[in-house]
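Step one of this worksheet: look at the structure below.
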Amino acid sequence: MHEVSLMRALMAKLESLAREQRAKRVKGVRVWLGALSHFSAEHFREHFEEASRGTTAHDAALEIEVSTDLADPRAQDVIVRSIDVEVAG
Amino acid sequence: MTNKTIKVDYLARVEGEGAMVVRIKNGRVADVKLKIFEPPRFFEAFLRGRSYMEAPDITARICGICPVAYQMSAVHAMEDALAVAIPRSIRELRRLIYCGEWIESHALHIFMLHAPDFLGYPDAIRMAKDHPKLVQQGLELKKLGNEIISLLAGRAIHPVNVRVGGFYRVPARQELAPLAERLKHGCDACRDDVRWTRTLPMREYSHDTEFVALRHPTEYPMNEGRLVSSRGLDIHAREYDAHFEEEHVAHSNALHSVIKGRGAYLTGPLARYNLNRDRLPASVQEVAREVGLAATCRNPFESIIVRALEMLYAFEEAIRVIAEYEPPEVPAVACEPRAATGTACTEAPRGSLYHRYTIDAKGIIQDAKIVPPTSQNQKAIEDDLRQYVAPRVDMPTDQLRAECEQAIRNYDPCISCATHFLKLEVEREP
């Protein structure tokens with residue numbers, strides 16, 4: 001039930017990164033889903049597509065790595081590893 | 001065009017399920033909006049087609065802080081539909097379990113969420129460094145509330161023992177006795193806590209709104225009574241839909257509730273106290289007098305005192321119920337389904353919680369309506385903030401934001417999970 005809030009925060013982060021880089025758009029996003037995060041890859045993708053509509057990350061290629069390590073100290077987390085941006089010039 | 005890859009390693013977090021936006025234009029408050037973007041969860045829709053017996057267990061999942069309130073409104077609405085009368089001992093146990101919920105919910109809000117505002121800390125964790133006893137005490141009281149719920153219903157969060165007609169299992173007298181002893185200590189501590197809330201630095205402020213709460217002929221209201229207001233409303237829960245309506249607003253996923261033809265109103269501790277002070281036992285009224293709480297309290301900041309007072313009441317009431325308890329002959333009254341509609345309002349910690357169900361001859365739910373207290377209070381919170389900000393528009397934005405956050409917290413808003421606090425944005429336009 002916290003997906004919407006999490007996605008809003010994530011989109012705000014992507015927008016601010018894009019602004020910082022003077023990027024026109026975010027072309028790719030790589031995320032890591034902890035084994036105990038409440039997302040599956042499909043679930044994350046669906047919410048990402050919904051939340052990114054109309055933002056600089058619209059249509060970004062999403063690469064999702066799903067961890068299966070329950071003992072990972074970050075097992076509950078969702079981490080954005082890196083993003084690809086398109087910049088002018 | 002060039003492409004760049006940027007290493008981020010950003011940890012995505014849940015940033016809150018709601019936001020408050022205050023827009024100031026030309027030195028005047030142009031707009032105040034409480035936005036709730038937690039998506040709708042469609043409980044009313046997926047109750048359809050389920051058995052009437054499942055309503056208390058399904059609706060308990062709506063809230064982890066006040067599951068008992070959902071169970072109480074659900075069973076009373078179903079019993080209204082089935083015209084079932086409940087024996088005294090079962091209604092007493094229901095008051096007892098509600099006392100547990102009032103205690104745990106109020107303790108959480110008073111000590112963990114509200115007190116840091118008054119004492120100048122960003123949260124309870126940082127407050128604990130300078131006021132360890134305060135935080136410890138809050139947790140101890142909360143634990144006592146949880147224990148009441150666990151004892152009666154198996155566990156403190158999403159309890160399971162409540163059923164239409166009564167309980168699946170009722171406790172023996174000797175099971176309750178050890179708890180009573182510990183509740184007495186909690187009660188004494190709580191009496192001092194009411195006095196402590198009076199010592200907190202209080203803002204002079206008053207917000208006039210229509211107060212709505214249950215009112216019972218003899219008791220401080222929990223499960224029974226007529227729904228009354230400070231402006232003359234006096235109805236049975238059955239008449240709720242004729243007097244209240246829910247509106248969609250573009251900026252929020254939660255419906256706004258209004259009194260038809262009049263608008264915003266407030267439910268919760270302030271409303272309950274203002275409409276039922278005379279129903280508190282003399283011992284609790286005495287403490288209210290001692291701390292100088294007005295007979296009608298219109299200062300939302302003083303809600304911390306009222307919550308402490310209600311917590312004291314819940315302790316005294318729990319001790320009374322346990323002392324007088326005689327187990328019922330059977331844990332639940334037998335219920336026969338029939339085609340009917342039933343309604344109930346009960347007093348959740350945050351305010352009145354309305355349920356209405358229509359069931360068919362086999363007891364299958366055809367229609368359900370649930371109106372939670374935060375939804376009812378949304379419009380009053382917006383009105384209050386508009387009034388609060390108006391004379392303070394020239395205040396530095398940071399200070400204004402801090403004061404507004406505290407003003408919102410006065411209402412203990414529950415946005416699925418009250419611990420994810422609202423974000424407040426102050427937008428200024430020339």
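Chain lettering (A, B, ...) mirrors the order of the structure tokens, residue numbering begins at 1 for each chain separately, and ligand numbering begins at 1 in order of display.
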Taking only residues of chain B that have an atom at most 8 Å from an atom of chain A, what is each one's shortest atom pair and its distance in Å to one decimal, using only C-alpha atoms, in chain and number order, as a Markdown table?
| residue | atom | partner | partner_atom | distance |
| --- | --- | --- | --- | --- |
| B:Met1 | CA | A:Ala88 | CA | 4.7 |
| B:Thr2 | CA | A:Val87 | CA | 5.4 |
| B:Asn3 | CA | A:Glu86 | CA | 4.5 |
| B:Lys4 | CA | A:Val85 | CA | 5.3 |
| B:Thr5 | CA | A:Asp84 | CA | 4.3 |
| B:Ile6 | CA | A:Ile83 | CA | 5.3 |
| B:Lys7 | CA | A:Ser82 | CA | 4.3 |
| B:Val8 | CA | A:Ser82 | CA | 4.8 |
| B:Asp9 | CA | A:Arg81 | CA | 4.4 |
| B:Tyr10 | CA | A:Val80 | CA | 5.0 |
| B:Leu11 | CA | A:Ile79 | CA | 4.5 |
| B:Ala12 | CA | A:Val78 | CA | 5.5 |
| B:Arg13 | CA | A:Leu6 | CA | 5.4 |
| B:Val14 | CA | A:Leu6 | CA | 4.4 |
| B:Glu15 | CA | A:Ser5 | CA | 5.9 |
| B:Gly16 | CA | A:Ser5 | CA | 6.1 |
| B:Glu17 | CA | A:Ser5 | CA | 5.8 |
| B:Phe37 | CA | A:Ser5 | CA | 7.5 |
| B:Glu38 | CA | A:Val4 | CA | 6.6 |
| B:Pro39 | CA | A:Val4 | CA | 7.2 |
Expected answer as an mmCIF file with all heavy atoms, in the first residue's frame: strand (DSSP E or B) residues in range 19-233 of chain B:
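states.cif written:
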data_model
loop_
_atom_site.group_PDB
_atom_site.id
_atom_site.type_symbol
_atom_site.label_atom_id
_atom_site.label_comp_id
_atom_site.auth_asym_id
_atom_site.auth_seq_id
_atom_site.Cartn_x
_atom_site.Cartn_y
_atom_site.Cartn_z
ATOM 1 N N ALA B 19 -0.006 15.204 1.901
ATOM 2 C CA ALA B 19 0.707 16.480 1.944
ATOM 3 C C ALA B 19 -0.299 17.581 2.232
ATOM 4 O O ALA B 19 -1.488 17.442 1.959
ATOM 5 C CB ALA B 19 1.401 16.751 0.623
ATOM 6 N N MET B 20 0.204 18.647 2.824
ATOM 7 C CA MET B 20 -0.664 19.799 3.052
ATOM 8 C C MET B 20 -0.045 20.957 2.282
ATOM 9 O O MET B 20 1.155 21.203 2.398
ATOM 10 C CB MET B 20 -0.682 20.104 4.548
ATOM 11 C CG MET B 20 -1.667 21.153 4.919
ATOM 12 S SD MET B 20 -3.071 20.368 5.709
ATOM 13 C CE MET B 20 -4.272 21.658 5.532
ATOM 14 N N VAL B 21 -0.840 21.627 1.504
ATOM 15 C CA VAL B 21 -0.328 22.758 0.734
ATOM 16 C C VAL B 21 -1.023 24.034 1.188
ATOM 17 O O VAL B 21 -2.251 24.102 1.227
ATOM 18 C CB VAL B 21 -0.574 22.559 -0.784
ATOM 19 C CG1 VAL B 21 -0.073 23.773 -1.558
ATOM 20 C CG2 VAL B 21 0.122 21.295 -1.266
ATOM 21 N N VAL B 22 -0.228 25.008 1.584
ATOM 22 C CA VAL B 22 -0.774 26.315 1.961
ATOM 23 C C VAL B 22 -0.253 27.311 0.923
ATOM 24 O O VAL B 22 0.954 27.470 0.765
ATOM 25 C CB VAL B 22 -0.290 26.732 3.370
ATOM 26 C CG1 VAL B 22 -0.784 28.132 3.707
ATOM 27 C CG2 VAL B 22 -0.759 25.732 4.412
ATOM 28 N N ARG B 23 -1.170 27.957 0.183
ATOM 29 C CA ARG B 23 -0.744 28.903 -0.843
ATOM 30 C C ARG B 23 -1.050 30.322 -0.367
ATOM 31 O O ARG B 23 -2.185 30.631 0.012
ATOM 32 C CB ARG B 23 -1.455 28.618 -2.160
ATOM 33 C CG ARG B 23 -0.643 28.986 -3.393
ATOM 34 C CD ARG B 23 -1.041 28.124 -4.600
ATOM 35 N NE ARG B 23 -2.472 28.167 -4.816
ATOM 36 C CZ ARG B 23 -3.092 29.174 -5.429
ATOM 37 N NH1 ARG B 23 -2.431 30.213 -5.892
ATOM 38 N NH2 ARG B 23 -4.402 29.125 -5.590
ATOM 39 N N ILE B 24 0.002 31.152 -0.331
ATOM 40 C CA ILE B 24 -0.157 32.524 0.138
ATOM 41 C C ILE B 24 0.061 33.461 -1.049
ATOM 42 O O ILE B 24 1.077 33.379 -1.749
ATOM 43 C CB ILE B 24 0.851 32.828 1.266
ATOM 44 C CG1 ILE B 24 0.559 31.916 2.462
ATOM 45 C CG2 ILE B 24 0.787 34.298 1.680
ATOM 46 C CD1 ILE B 24 1.640 31.926 3.522
ATOM 47 N N LYS B 25 -0.911 34.339 -1.295
ATOM 48 C CA LYS B 25 -0.826 35.247 -2.443
ATOM 49 C C LYS B 25 -1.144 36.653 -1.958
ATOM 50 O O LYS B 25 -2.133 36.844 -1.235
ATOM 51 C CB LYS B 25 -1.849 34.797 -3.495
ATOM 52 C CG LYS B 25 -1.589 35.345 -4.866
ATOM 53 C CD LYS B 25 -2.574 34.738 -5.858
ATOM 54 C CE LYS B 25 -2.403 35.411 -7.214
ATOM 55 N NZ LYS B 25 -3.301 34.867 -8.216
ATOM 56 N N ARG B 28 -2.028 37.113 1.576
ATOM 57 C CA ARG B 28 -3.255 36.497 2.103
ATOM 58 C C ARG B 28 -3.276 35.005 1.781
ATOM 59 O O ARG B 28 -2.671 34.565 0.804
ATOM 60 C CB ARG B 28 -4.489 37.156 1.479
ATOM 61 C CG ARG B 28 -4.588 38.639 1.799
ATOM 62 C CD ARG B 28 -5.817 39.206 1.164
ATOM 63 N NE ARG B 28 -7.025 38.586 1.745
ATOM 64 C CZ ARG B 28 -8.182 39.224 1.831
ATOM 65 N NH1 ARG B 28 -8.299 40.449 1.391
ATOM 66 N NH2 ARG B 28 -9.230 38.624 2.345
ATOM 67 N N VAL B 29 -3.980 34.254 2.615
ATOM 68 C CA VAL B 29 -4.069 32.816 2.364
ATOM 69 C C VAL B 29 -5.003 32.598 1.176
ATOM 70 O O VAL B 29 -6.190 32.924 1.238
ATOM 71 C CB VAL B 29 -4.634 32.074 3.594
ATOM 72 C CG1 VAL B 29 -4.662 30.577 3.326
ATOM 73 C CG2 VAL B 29 -3.794 32.364 4.820
ATOM 74 N N ALA B 30 -4.445 32.103 0.072
ATOM 75 C CA ALA B 30 -5.271 31.901 -1.110
ATOM 76 C C ALA B 30 -5.917 30.517 -1.103
ATOM 77 O O ALA B 30 -7.035 30.335 -1.560
ATOM 78 C CB ALA B 30 -4.424 32.076 -2.370
ATOM 79 N N ASP B 31 -5.182 29.539 -0.561
ATOM 80 C CA ASP B 31 -5.724 28.185 -0.632
ATOM 81 C C ASP B 31 -5.051 27.275 0.393
ATOM 82 O O ASP B 31 -3.862 27.413 0.654
ATOM 83 C CB ASP B 31 -5.476 27.630 -2.049
ATOM 84 C CG ASP B 31 -6.457 26.533 -2.394
ATOM 85 O OD1 ASP B 31 -7.388 26.282 -1.595
ATOM 86 O OD2 ASP B 31 -6.289 25.916 -3.460
ATOM 87 N N VAL B 32 -5.819 26.376 0.962
ATOM 88 C CA VAL B 32 -5.263 25.350 1.847
ATOM 89 C C VAL B 32 -5.838 24.016 1.401
ATOM 90 O O VAL B 32 -7.050 23.867 1.274
ATOM 91 C CB VAL B 32 -5.657 25.611 3.322
ATOM 92 C CG1 VAL B 32 -5.238 24.434 4.187
ATOM 93 C CG2 VAL B 32 -5.028 26.886 3.825
ATOM 94 N N LYS B 33 -4.949 23.082 1.118
ATOM 95 C CA LYS B 33 -5.442 21.769 0.666
ATOM 96 C C LYS B 33 -4.741 20.654 1.410
ATOM 97 O O LYS B 33 -3.513 20.612 1.462
ATOM 98 C CB LYS B 33 -5.183 21.603 -0.831
ATOM 99 C CG LYS B 33 -6.171 22.342 -1.693
ATOM 100 C CD LYS B 33 -5.985 21.947 -3.152
ATOM 101 C CE LYS B 33 -7.002 22.666 -4.017
ATOM 102 N NZ LYS B 33 -6.368 23.355 -5.138
ATOM 103 N N LEU B 34 -5.517 19.763 1.970
ATOM 104 C CA LEU B 34 -4.974 18.536 2.545
ATOM 105 C C LEU B 34 -5.089 17.480 1.454
ATOM 106 O O LEU B 34 -6.177 17.104 1.056
ATOM 107 C CB LEU B 34 -5.773 18.128 3.788
ATOM 108 C CG LEU B 34 -5.347 16.843 4.478
ATOM 109 C CD1 LEU B 34 -3.915 16.921 4.972
ATOM 110 C CD2 LEU B 34 -6.267 16.542 5.655
ATOM 111 N N LYS B 35 -3.931 17.061 0.952
ATOM 112 C CA LYS B 35 -3.942 16.091 -0.150
ATOM 113 C C LYS B 35 -3.616 14.716 0.399
ATOM 114 O O LYS B 35 -2.613 14.555 1.079
ATOM 115 C CB LYS B 35 -2.872 16.453 -1.186
ATOM 116 C CG LYS B 35 -3.057 17.796 -1.842
ATOM 117 C CD LYS B 35 -1.893 18.034 -2.798
ATOM 118 C CE LYS B 35 -2.144 19.289 -3.624
ATOM 119 N NZ LYS B 35 -1.050 19.524 -4.568
ATOM 120 N N ILE B 36 -4.452 13.762 0.103
ATOM 121 C CA ILE B 36 -4.152 12.393 0.512
ATOM 122 C C ILE B 36 -3.961 11.588 -0.758
ATOM 123 O O ILE B 36 -4.890 11.433 -1.530
ATOM 124 C CB ILE B 36 -5.259 11.828 1.412
ATOM 125 C CG1 ILE B 36 -5.287 12.649 2.703
ATOM 126 C CG2 ILE B 36 -5.019 10.343 1.692
ATOM 127 C CD1 ILE B 36 -6.291 12.198 3.727
ATOM 128 N N SER B 51 -19.373 -13.124 3.644
ATOM 129 C CA SER B 51 -20.340 -13.383 4.704
ATOM 130 C C SER B 51 -20.354 -12.246 5.733
ATOM 131 O O SER B 51 -19.312 -11.634 6.002
ATOM 132 C CB SER B 51 -19.975 -14.682 5.414
ATOM 133 O OG SER B 51 -20.608 -14.733 6.680
ATOM 134 N N VAL B 162 -13.066 -11.051 18.025
ATOM 135 C CA VAL B 162 -14.360 -10.356 18.038
ATOM 136 C C VAL B 162 -15.268 -10.971 16.970
ATOM 137 O O VAL B 162 -14.832 -11.221 15.860
ATOM 138 C CB VAL B 162 -14.144 -8.854 17.725
ATOM 139 C CG1 VAL B 162 -15.470 -8.153 17.510
ATOM 140 C CG2 VAL B 162 -13.350 -8.192 18.848
ATOM 141 N N ARG B 163 -16.537 -11.231 17.318
ATOM 142 C CA ARG B 163 -17.453 -11.751 16.311
ATOM 143 C C ARG B 163 -18.842 -11.139 16.452
ATOM 144 O O ARG B 163 -19.176 -10.572 17.501
ATOM 145 C CB ARG B 163 -17.563 -13.277 16.380
ATOM 146 C CG ARG B 163 -18.056 -13.813 17.709
ATOM 147 C CD ARG B 163 -18.436 -15.278 17.608
ATOM 148 N NE ARG B 163 -19.753 -15.412 16.989
ATOM 149 C CZ ARG B 163 -20.338 -16.581 16.725
ATOM 150 N NH1 ARG B 163 -19.703 -17.697 16.995
ATOM 151 N NH2 ARG B 163 -21.543 -16.622 16.200
ATOM 152 N N GLY B 166 -20.884 -11.394 19.771
ATOM 153 C CA GLY B 166 -20.066 -11.406 20.990
ATOM 154 C C GLY B 166 -18.604 -11.648 20.704
ATOM 155 O O GLY B 166 -17.967 -10.916 19.956
ATOM 156 N N PHE B 167 -18.069 -12.722 21.289
ATOM 157 C CA PHE B 167 -16.661 -13.098 21.089
ATOM 158 C C PHE B 167 -16.605 -14.588 20.761
ATOM 159 O O PHE B 167 -17.541 -15.331 21.050
ATOM 160 C CB PHE B 167 -15.854 -12.838 22.374
ATOM 161 C CG PHE B 167 -15.678 -11.375 22.696
ATOM 162 C CD1 PHE B 167 -16.662 -10.673 23.388
ATOM 163 C CD2 PHE B 167 -14.540 -10.684 22.305
ATOM 164 C CE1 PHE B 167 -16.516 -9.320 23.679
ATOM 165 C CE2 PHE B 167 -14.380 -9.333 22.592
ATOM 166 C CZ PHE B 167 -15.368 -8.649 23.282
ATOM 167 N N PHE B 211 -18.936 20.422 16.448
ATOM 168 C CA PHE B 211 -18.409 19.184 17.031
ATOM 169 C C PHE B 211 -19.451 18.086 16.928
ATOM 170 O O PHE B 211 -20.622 18.316 17.239
ATOM 171 C CB PHE B 211 -18.049 19.402 18.502
ATOM 172 C CG PHE B 211 -16.954 20.415 18.706
ATOM 173 C CD1 PHE B 211 -17.224 21.666 19.246
ATOM 174 C CD2 PHE B 211 -15.646 20.125 18.345
ATOM 175 C CE1 PHE B 211 -16.218 22.601 19.429
ATOM 176 C CE2 PHE B 211 -14.627 21.052 18.515
ATOM 177 C CZ PHE B 211 -14.912 22.298 19.063
ATOM 178 N N VAL B 212 -19.015 16.900 16.514
ATOM 179 C CA VAL B 212 -19.938 15.764 16.361
ATOM 180 C C VAL B 212 -19.384 14.557 17.113
ATOM 181 O O VAL B 212 -18.222 14.192 16.938
ATOM 182 C CB VAL B 212 -20.131 15.410 14.865
ATOM 183 C CG1 VAL B 212 -20.963 14.141 14.708
ATOM 184 C CG2 VAL B 212 -20.786 16.564 14.105
ATOM 185 N N ALA B 213 -20.218 13.962 17.964
ATOM 186 C CA ALA B 213 -19.804 12.748 18.697
ATOM 187 C C ALA B 213 -21.038 11.980 19.131
ATOM 188 O O ALA B 213 -22.158 12.502 19.103
ATOM 189 C CB ALA B 213 -18.975 13.128 19.921
ATOM 190 N N LEU B 214 -20.814 10.745 19.550
ATOM 191 C CA LEU B 214 -21.903 9.975 20.135
ATOM 192 C C LEU B 214 -22.227 10.537 21.510
ATOM 193 O O LEU B 214 -21.374 11.141 22.171
ATOM 194 C CB LEU B 214 -21.504 8.510 20.294
ATOM 195 C CG LEU B 214 -21.425 7.638 19.047
ATOM 196 C CD1 LEU B 214 -21.069 6.207 19.445
ATOM 197 C CD2 LEU B 214 -22.744 7.660 18.282
ATOM 198 N N ARG B 215 -23.469 10.333 21.944
ATOM 199 C CA ARG B 215 -23.835 10.696 23.310
ATOM 200 C C ARG B 215 -24.764 9.620 23.842
ATOM 201 O O ARG B 215 -25.765 9.269 23.224
ATOM 202 C CB ARG B 215 -24.510 12.061 23.359
ATOM 203 C CG ARG B 215 -24.844 12.486 24.790
ATOM 204 C CD ARG B 215 -24.985 13.989 24.888
ATOM 205 N NE ARG B 215 -25.590 14.410 26.152
ATOM 206 C CZ ARG B 215 -24.892 14.609 27.270
ATOM 207 N NH1 ARG B 215 -23.586 14.425 27.283
ATOM 208 N NH2 ARG B 215 -25.497 14.988 28.375
ATOM 209 N N ARG B 226 -26.624 8.236 20.656
ATOM 210 C CA ARG B 226 -27.083 8.968 19.482
ATOM 211 C C ARG B 226 -25.950 9.865 18.998
ATOM 212 O O ARG B 226 -25.094 10.268 19.772
ATOM 213 C CB ARG B 226 -28.332 9.802 19.837
ATOM 214 C CG ARG B 226 -29.569 8.932 20.057
ATOM 215 C CD ARG B 226 -30.747 9.754 20.491
ATOM 216 N NE ARG B 226 -31.297 10.633 19.469
ATOM 217 C CZ ARG B 226 -32.101 10.241 18.488
ATOM 218 N NH1 ARG B 226 -32.434 8.971 18.374
ATOM 219 N NH2 ARG B 226 -32.579 11.112 17.606
ATOM 220 N N LEU B 227 -25.973 10.151 17.709
ATOM 221 C CA LEU B 227 -24.956 11.036 17.158
ATOM 222 C C LEU B 227 -25.466 12.468 17.328
ATOM 223 O O LEU B 227 -26.506 12.831 16.781
ATOM 224 C CB LEU B 227 -24.746 10.690 15.682
ATOM 225 C CG LEU B 227 -23.437 11.127 15.041
ATOM 226 C CD1 LEU B 227 -22.230 10.572 15.784
ATOM 227 C CD2 LEU B 227 -23.395 10.694 13.582
ATOM 228 N N VAL B 228 -24.731 13.252 18.119
ATOM 229 C CA VAL B 228 -25.194 14.620 18.400
ATOM 230 C C VAL B 228 -24.119 15.616 17.982
ATOM 231 O O VAL B 228 -22.976 15.248 17.742
ATOM 232 C CB VAL B 228 -25.538 14.814 19.903
ATOM 233 C CG1 VAL B 228 -26.550 13.782 20.362
ATOM 234 C CG2 VAL B 228 -24.280 14.758 20.763
ATOM 235 N N SER B 229 -24.515 16.892 17.909
ATOM 236 C CA SER B 229 -23.513 17.914 17.569
ATOM 237 C C SER B 229 -23.714 19.151 18.417
ATOM 238 O O SER B 229 -24.757 19.338 19.046
ATOM 239 C CB SER B 229 -23.584 18.282 16.086
ATOM 240 O OG SER B 229 -24.492 19.341 15.867
#
inquiry  = Could you tell me how far CA of Val170 in chain B sits from CA of Asp80 in chain B, in Å to one decimal place?
reply    = 21.8 Å
Write out, as a Markdown table, each residue of range 189-294 of chain B that has an atom at most 8 Å from range 114-131 of chain B, together with the closest pair of atoms and their distance in Å to one decimal, counting only C-alpha atoms, rows going by chain and rising number.
| residue | atom | partner | partner_atom | distance |
| --- | --- | --- | --- | --- |
| B:Leu200 | CA | B:Phe118 | CA | 6.3 |
| B:Pro201 | CA | B:Phe118 | CA | 6.3 |
| B:Met202 | CA | B:Phe118 | CA | 7.7 |
request  = Within range 1-185 of chain B, find each residue whose DSSP state, derived from the backbone, is alpha helix (DSSP H), and express the selection as a PyMOL selection string.
outcome  = chain B and resi 43-47+55-59+67-82+88-107+115-119+124-130+132-153+173-185
query = Smallest atom-to-atom distance to Ser230 in chain B: which of B:Leu275, B:Ala180, B:Leu113, B:Ala314, using only C-alpha atoms?
reply = B:Leu275
